[in-house]
$ cat query_24.cif   # mmCIF, C-alpha atoms and all ligand atoms
data_start
loop_
_atom_site.label_atom_id
_atom_site.label_comp_id
_atom_site.auth_asym_id
_atom_site.auth_seq_id
_atom_site.Cartn_x
_atom_site.Cartn_y
_atom_site.Cartn_z
CA MET V 1 -23.75 -10.61 7.02
CA ASN V 2 -21.30 -13.48 6.97
CA TYR V 3 -18.49 -13.04 9.44
CA ASP V 4 -15.26 -14.49 8.11
CA ARG V 5 -12.24 -14.28 10.37
CA ASP V 6 -9.77 -14.66 7.52
CA LEU V 7 -11.40 -12.16 5.21
CA ILE V 8 -9.28 -9.04 5.61
CA ILE V 9 -10.56 -6.97 2.67
CA ALA V 10 -14.04 -7.07 1.16
CA LEU V 11 -15.18 -4.57 -1.46
CA GLU V 12 -18.81 -4.75 -2.41
CA HIS V 13 -19.92 -2.88 -5.55
CA VAL V 14 -17.52 -0.01 -4.95
CA SER V 15 -17.48 2.93 -7.33
CA LYS V 16 -15.41 6.09 -7.25
CA ILE V 17 -16.38 9.06 -9.35
CA TYR V 18 -14.28 12.20 -9.59
CA GLU V 19 -16.03 15.41 -10.56
CA MET V 20 -13.87 18.03 -12.19
CA GLY V 21 -16.06 20.99 -12.94
CA ASN V 22 -18.59 19.66 -15.43
CA VAL V 23 -16.61 16.55 -16.22
CA ILE V 24 -17.42 13.33 -14.42
CA VAL V 25 -14.67 10.72 -14.35
CA PRO V 26 -15.72 7.21 -13.29
CA ALA V 27 -12.34 6.02 -11.98
CA LEU V 28 -13.68 2.81 -10.43
CA THR V 29 -16.95 1.13 -11.38
CA ASP V 30 -18.80 -1.51 -9.38
CA ALA V 31 -15.68 -3.23 -8.07
CA SER V 32 -16.21 -6.26 -5.85
CA LEU V 33 -13.39 -8.35 -4.46
CA SER V 34 -12.37 -10.29 -1.38
CA ILE V 35 -8.91 -10.84 -0.06
CA GLN V 36 -8.00 -13.35 2.61
CA SER V 37 -5.47 -12.61 5.29
CA GLY V 38 -1.98 -13.66 4.17
CA GLU V 39 -2.58 -13.43 0.41
CA MET V 40 -0.20 -11.74 -2.01
CA VAL V 41 -2.03 -10.21 -4.97
CA SER V 42 -0.98 -8.25 -8.03
CA ILE V 43 -3.32 -5.52 -9.29
CA VAL V 44 -2.64 -4.92 -12.97
CA GLY V 45 -4.01 -2.82 -15.80
CA PRO V 46 -2.90 -0.07 -18.18
CA SER V 47 -2.33 3.49 -17.07
CA GLY V 48 -5.65 5.15 -16.23
CA SER V 49 -7.43 1.87 -15.54
CA GLY V 50 -8.09 2.75 -11.88
CA LYS V 51 -5.26 0.99 -10.03
CA SER V 52 -4.29 4.02 -7.93
CA THR V 53 -7.90 4.82 -7.19
CA LEU V 54 -8.45 1.26 -5.99
CA MET V 55 -5.27 1.31 -3.89
CA ASN V 56 -6.22 4.66 -2.34
CA VAL V 57 -9.64 3.33 -1.36
CA LEU V 58 -8.16 0.09 -0.01
CA GLY V 59 -5.53 2.10 1.89
CA CYS V 60 -8.16 4.38 3.46
CA LEU V 61 -6.56 7.37 1.76
CA ASP V 62 -9.87 8.00 0.02
CA VAL V 63 -13.48 6.88 0.42
CA PRO V 64 -15.69 5.36 -2.28
CA THR V 65 -18.51 7.35 -3.87
CA SER V 66 -20.77 4.32 -3.43
CA GLY V 67 -20.55 0.72 -2.30
CA LYS V 68 -19.15 -0.86 0.79
CA TYR V 69 -15.62 -1.48 2.02
CA LEU V 70 -15.14 -3.86 4.92
CA LEU V 71 -11.64 -3.84 6.37
CA SER V 72 -11.12 -6.60 8.94
CA ASN V 73 -14.91 -6.91 9.05
CA GLU V 74 -15.39 -3.23 9.89
CA ASP V 75 -17.26 -0.96 7.50
CA VAL V 76 -14.91 1.91 6.65
CA SER V 77 -16.78 3.12 3.54
CA GLN V 78 -17.99 6.39 4.95
CA MET V 79 -15.72 7.05 7.91
CA ASN V 80 -14.44 10.56 8.49
CA ASP V 81 -10.79 11.47 7.99
CA ASN V 82 -9.85 11.17 11.65
CA ARG V 83 -11.16 7.66 12.06
CA LEU V 84 -9.73 6.60 8.71
CA ALA V 85 -6.32 7.94 9.73
CA LYS V 86 -6.39 5.87 12.92
CA ILE V 87 -7.38 2.70 11.10
CA ARG V 88 -4.77 3.32 8.43
CA ASN V 89 -2.06 3.86 11.01
CA ALA V 90 -2.96 0.67 12.87
CA GLN V 91 -3.55 -1.72 9.99
CA ILE V 92 -2.04 -0.50 6.75
CA GLY V 93 1.39 0.29 5.38
CA PHE V 94 1.31 2.22 2.09
CA ILE V 95 4.19 2.38 -0.39
CA PHE V 96 4.20 5.01 -3.15
CA GLN V 97 5.80 5.02 -6.59
CA THR V 98 7.60 8.28 -5.85
CA TYR V 99 8.57 7.20 -2.30
CA ASN V 100 7.06 10.36 -0.70
CA LEU V 101 9.96 10.85 1.70
CA LEU V 102 10.49 14.15 3.48
CA PRO V 103 13.73 15.51 2.01
CA ARG V 104 15.00 17.23 5.14
CA LEU V 105 14.69 14.18 7.37
CA THR V 106 17.16 11.33 7.50
CA ALA V 107 16.12 7.77 6.64
CA LEU V 108 15.57 7.21 10.36
CA GLY V 109 13.52 10.42 10.68
CA ASN V 110 11.28 9.36 7.80
CA VAL V 111 10.69 5.92 9.27
CA GLU V 112 9.85 7.51 12.65
CA LEU V 113 6.99 9.57 11.20
CA PRO V 114 4.21 6.97 11.62
CA LEU V 115 5.24 6.50 15.25
CA LEU V 116 5.06 10.16 16.24
CA TYR V 117 1.50 9.95 17.50
CA GLY V 118 1.76 6.60 19.16
CA ASP V 119 3.62 5.13 22.07
CA SER V 120 7.17 6.41 21.68
CA ARG V 121 8.85 3.81 23.85
CA ASP V 122 11.39 1.83 21.84
CA SER V 123 10.48 3.80 18.75
CA LYS V 124 14.05 4.49 17.71
CA ILE V 125 15.02 0.82 18.09
CA ARG V 126 11.99 -0.25 16.08
CA CYS V 127 12.85 2.18 13.30
CA VAL V 128 16.46 1.03 13.13
CA GLN V 129 15.24 -2.58 13.05
CA ALA V 130 12.84 -1.76 10.21
CA LEU V 131 15.68 -0.15 8.24
CA GLU V 132 17.92 -3.16 8.94
CA ARG V 133 15.18 -5.43 7.68
CA VAL V 134 15.19 -3.73 4.31
CA GLY V 135 18.99 -3.77 4.17
CA LEU V 136 19.63 -0.15 5.12
CA GLY V 137 21.23 -0.58 8.54
CA GLU V 138 24.25 1.37 7.28
CA ARG V 139 22.21 4.27 5.91
CA VAL V 140 20.05 5.37 8.83
CA ASN V 141 21.51 8.88 8.96
CA HIS V 142 21.42 9.57 5.22
CA ARG V 143 18.95 12.03 3.74
CA PRO V 144 16.90 10.99 0.68
CA SER V 145 19.15 13.05 -1.64
CA GLU V 146 22.10 10.95 -0.43
CA LEU V 147 20.35 7.68 -1.31
CA SER V 148 19.74 5.92 -4.64
CA GLY V 149 16.20 5.40 -5.91
CA GLY V 150 16.18 1.79 -4.77
CA GLU V 151 17.41 2.82 -1.33
CA GLN V 152 14.77 5.54 -1.08
CA GLN V 153 12.09 2.98 -1.87
CA ARG V 154 13.52 0.75 0.86
CA VAL V 155 13.11 3.64 3.29
CA GLY V 156 9.51 3.90 2.07
CA ILE V 157 9.04 0.21 2.81
CA ALA V 158 10.64 0.50 6.26
CA ARG V 159 8.28 3.39 7.04
CA ALA V 160 5.34 1.29 5.84
CA VAL V 161 6.19 -1.70 8.03
CA VAL V 162 7.38 0.02 11.20
CA ASN V 163 3.93 -0.17 12.78
CA ARG V 164 3.74 -3.88 11.90
CA PRO V 165 0.64 -3.52 9.72
CA ALA V 166 -1.46 -6.50 8.70
CA ILE V 167 -1.65 -5.18 5.14
CA LEU V 168 0.96 -3.70 2.82
CA LEU V 169 -0.32 -1.78 -0.20
CA ALA V 170 2.21 -0.76 -2.83
CA ASP V 171 1.17 1.48 -5.73
CA GLU V 172 3.58 1.02 -8.66
CA PRO V 173 6.47 0.64 -6.18
CA THR V 174 9.05 -0.07 -8.87
CA GLY V 175 7.76 2.37 -11.47
CA ASN V 176 10.95 4.42 -11.17
CA LEU V 177 13.41 1.54 -10.77
CA ASP V 178 15.27 -0.71 -13.18
CA SER V 179 14.49 -4.40 -13.39
CA SER V 180 17.15 -5.77 -11.03
CA LEU V 181 16.13 -3.30 -8.33
CA SER V 182 12.49 -4.15 -9.02
CA ARG V 183 13.24 -7.80 -8.31
CA GLU V 184 14.92 -6.88 -5.03
CA ILE V 185 11.94 -4.81 -3.96
CA LEU V 186 9.59 -7.65 -4.93
CA GLY V 187 11.77 -10.00 -2.85
CA LEU V 188 11.19 -7.77 0.18
CA PHE V 189 7.43 -7.91 -0.32
CA GLU V 190 7.64 -11.69 -0.59
CA GLN V 191 9.56 -11.83 2.70
CA PHE V 192 6.88 -9.81 4.48
CA ASN V 193 4.19 -11.96 2.91
CA GLN V 194 5.95 -15.11 4.12
CA VAL V 195 5.61 -13.94 7.71
CA GLY V 196 1.88 -13.43 7.26
CA VAL V 197 1.48 -9.88 5.97
CA THR V 198 -1.22 -9.47 3.31
CA VAL V 199 0.42 -7.78 0.31
CA LEU V 200 -1.21 -6.02 -2.65
CA VAL V 201 1.01 -4.63 -5.37
CA ALA V 202 -0.37 -2.47 -8.18
CA THR V 203 1.88 -2.64 -11.20
CA HIS V 204 2.17 -2.76 -14.92
CA ASP V 205 5.68 -4.15 -14.57
CA ASN V 206 5.72 -7.71 -15.94
CA GLU V 207 8.51 -8.66 -13.54
CA LEU V 208 6.18 -7.96 -10.66
CA LEU V 209 3.24 -9.89 -12.06
CA GLY V 210 4.84 -12.62 -10.16
CA SER V 211 5.43 -16.25 -10.17
CA ALA V 212 2.91 -18.63 -11.64
CA GLY V 213 0.10 -19.17 -9.26
CA ARG V 214 -0.01 -15.72 -7.75
CA ARG V 215 -3.42 -14.14 -7.81
CA VAL V 216 -3.82 -11.35 -10.34
CA ILE V 217 -6.68 -8.85 -10.37
CA GLU V 218 -6.92 -6.96 -13.65
CA LEU V 219 -8.59 -3.59 -14.14
CA ARG V 220 -9.69 -1.97 -17.37
CA ASN V 221 -11.54 1.36 -17.54
CA GLY V 222 -12.22 1.21 -13.81
CA GLU V 223 -13.73 -2.27 -13.87
CA VAL V 224 -12.39 -5.54 -12.54
CA ILE V 225 -12.19 -7.64 -15.71
CA ARG V 226 -10.20 -10.60 -14.40
CA ASP V 227 -9.52 -12.16 -11.01
CA THR V 228 -7.50 -15.37 -11.18
P1 LIG A 1 -4.04 4.10 -12.80
O1 LIG A 1 -3.47 4.08 -11.44
O2 LIG A 1 -4.41 2.73 -13.31
O3 LIG A 1 -3.17 4.83 -13.79
P2 LIG A 1 -5.95 6.02 -11.77
O4 LIG A 1 -6.68 5.39 -10.66
O5 LIG A 1 -4.84 6.95 -11.42
O6 LIG A 1 -5.42 4.88 -12.77
O7 LIG A 1 -6.97 6.83 -12.68
C1 LIG A 1 -8.22 6.31 -13.12
C2 LIG A 1 -8.99 7.42 -13.81
O8 LIG A 1 -9.41 8.39 -12.85
C3 LIG A 1 -8.17 8.19 -14.84
O9 LIG A 1 -9.03 8.55 -15.89
C4 LIG A 1 -7.71 9.40 -14.07
O10 LIG A 1 -7.48 10.49 -14.95
C5 LIG A 1 -8.88 9.67 -13.14
N1 LIG A 1 -8.47 10.28 -11.85
C6 LIG A 1 -7.63 9.72 -10.94
N2 LIG A 1 -7.49 10.52 -9.87
C7 LIG A 1 -8.26 11.62 -10.11
C8 LIG A 1 -8.55 12.82 -9.38
N3 LIG A 1 -8.01 13.05 -8.17
N4 LIG A 1 -9.38 13.72 -9.95
C9 LIG A 1 -9.91 13.49 -11.16
N5 LIG A 1 -9.70 12.38 -11.89
C10 LIG A 1 -8.89 11.46 -11.39
#
$ encode --input "query_24.cif" --output "structure tokens"
Amino acid sequence: MNYDRDLIIALEHVSKIYEMGNVIVPALTDASLSIQSGEMVSIVGPSGSGKSTLMNVLGCLDVPTSGKYLLSNEDVSQMNDNRLAKIRNAQIGFIFQTYNLLPRLTALGNVELPLLYGDSRDSKIRCVQALERVGLGERVNHRPSELSGGEQQRVGIARAVVNRPAILLADEPTGNLDSSLSREILGLFEQFNQVGVTVLVATHDNELLGSAGRRVIELRNGEVIRDT
């Protein structure tokens, strides 16, 4: 196997099949792709084309049915949940379309969640810094219901970056936001990318397809049909 220091994500012939009773759904079919450290990539395709499935596999939230997934040159394709959780916590920040915040916790409490099992020294300071970085320094003690959609997504981003992951994966992060808020959220991703974070954004929002020159990977019926 070739060892490439800058290759952070390598999928080799990855398929994901869901079985629902007698029905077999091929959500991802024979997907191969490589992503270098520091890239910013858009993953596009219509609803049902497999974007979430791909993001979940890349984010170690799910394992492929077949094929190989090398994350930082380590094969994570068939790891058990415990090991996957550790790798995810150390390397990946995941951002969801519906934010997935816990309603009873404040913004600060939500951002603290990924740090609960780690070294707790400085954790509060780090969380406040993460919230400041996404422009929410004045909202640390607000609960999700006291925040706008755009602010809730910023909390989701602060939670994703608080462990300083090498990779940020965002699955339709602006699906519930209007276009000016979408641009702001995209601007945050660009800032993290500029300091070296690898960023993958799944979207069907044209605003987020990005500036000319950005790499776009397109899915259709679970297959990669275009990779610029
Ligand atoms: P997208 O994110 O592009 O909308 P998805 O990855 O969510 O696409 O879905 C791809 C296909 O897999 C769809 O046909 C969807 O219905 C199916 N699918 C996704 N998740 C599951 C699941 N947990 N169980 C069964 N089928 C699923």
$ axis_aligned_box --input "query_24.cif" --around "ligand LIG 1 (chain A)" --padding-each-side "3 Å" --output "lines of an AutoDock Vina configuration file"
center_x = -6.5
center_y = 8.2
center_z = -12.0
size_x = 12.7
size_y = 17.0
size_z = 13.7
$ residues_near_ligand --input "query_24.cif" --ligand "ligand LIG 1 (chain A)" --cutoff "9 Å" --atoms "all atoms listed in the file" --output "mmCIF file with C-alpha atoms, in the frame of the given file"
data_model
loop_
_atom_site.group_PDB
_atom_site.id
_atom_site.type_symbol
_atom_site.label_atom_id
_atom_site.label_comp_id
_atom_site.auth_asym_id
_atom_site.auth_seq_id
_atom_site.Cartn_x
_atom_site.Cartn_y
_atom_site.Cartn_z
ATOM 1 C CA LYS V 16 -15.410 6.090 -7.250
ATOM 2 C CA ILE V 17 -16.380 9.060 -9.350
ATOM 3 C CA TYR V 18 -14.280 12.200 -9.590
ATOM 4 C CA GLU V 19 -16.030 15.410 -10.560
ATOM 5 C CA MET V 20 -13.870 18.030 -12.190
ATOM 6 C CA VAL V 23 -16.610 16.550 -16.220
ATOM 7 C CA ILE V 24 -17.420 13.330 -14.420
ATOM 8 C CA VAL V 25 -14.670 10.720 -14.350
ATOM 9 C CA PRO V 26 -15.720 7.210 -13.290
ATOM 10 C CA ALA V 27 -12.340 6.020 -11.980
ATOM 11 C CA LEU V 28 -13.680 2.810 -10.430
ATOM 12 C CA VAL V 44 -2.640 -4.920 -12.970
ATOM 13 C CA GLY V 45 -4.010 -2.820 -15.800
ATOM 14 C CA PRO V 46 -2.900 -0.070 -18.180
ATOM 15 C CA SER V 47 -2.330 3.490 -17.070
ATOM 16 C CA GLY V 48 -5.650 5.150 -16.230
ATOM 17 C CA SER V 49 -7.430 1.870 -15.540
ATOM 18 C CA GLY V 50 -8.090 2.750 -11.880
ATOM 19 C CA LYS V 51 -5.260 0.990 -10.030
ATOM 20 C CA SER V 52 -4.290 4.020 -7.930
ATOM 21 C CA THR V 53 -7.900 4.820 -7.190
ATOM 22 C CA LEU V 54 -8.450 1.260 -5.990
ATOM 23 C CA MET V 55 -5.270 1.310 -3.890
ATOM 24 C CA ASN V 56 -6.220 4.660 -2.340
ATOM 25 C CA ASP V 171 1.170 1.480 -5.730
ATOM 26 C CA GLU V 172 3.580 1.020 -8.660
ATOM 27 C CA ALA V 202 -0.370 -2.470 -8.180
ATOM 28 C CA THR V 203 1.880 -2.640 -11.200
ATOM 29 C CA HIS V 204 2.170 -2.760 -14.920
ATOM 30 C CA LEU V 219 -8.590 -3.590 -14.140
ATOM 31 C CA ARG V 220 -9.690 -1.970 -17.370
ATOM 32 C CA ASN V 221 -11.540 1.360 -17.540
ATOM 33 C CA GLY V 222 -12.220 1.210 -13.810
#
$ residues_around --input "query_24.cif" --residues "region 97-105 of chain V" --least-positions-apart "6" --cutoff "8 Å" --atoms "only C-alpha atoms" --output "number ranges by chain"
V: 143-145, 152-153, 156, 170-176
$ atom_distance --input "query_24.cif" --atom1 "CA of Ser15 (chain V)" --atom2 "CA of Lys86 (chain V)"
23.3 Å
$ closest_residue --input "query_24.cif" --among "V:Val57, V:Pro64, V:Leu70, V:Arg133" --to "Leu11 (chain V)" --atoms "only C-alpha atoms"
V:Leu70
$ atom_distance --input "query_24.cif" --atom1 "CA of Tyr69 (chain V)" --atom2 "CA of Ile185 (chain V)"
28.4 Å
$ atom_distance --input "query_24.cif" --atom1 "CA of Gly149 (chain V)" --atom2 "CA of Glu112 (chain V)"
19.7 Å
$ closest_residue --input "query_24.cif" --among "V:Pro165, V:Asn193, V:Leu186, V:Val140" --to "Gly93 (chain V)" --atoms "only C-alpha atoms"
V:Pro165
$ closest_residue --input "query_24.cif" --among "V:Asp122, V:Glu190, V:Glu39, V:Glu151" --to "Leu136 (chain V)" --atoms "all atoms listed in the file"
V:Glu151
$ residues_around --input "query_24.cif" --residues "Tyr117 (chain V)" --least-positions-apart "3" --cutoff "12 Å" --atoms "all atoms listed in the file" --output "list of chain:residue names"
V:Ala85, V:Lys86, V:Asn89, V:Ala90, V:Glu112, V:Leu113, V:Pro114, V:Ser120, V:Arg121, V:Ser123, V:Asn163
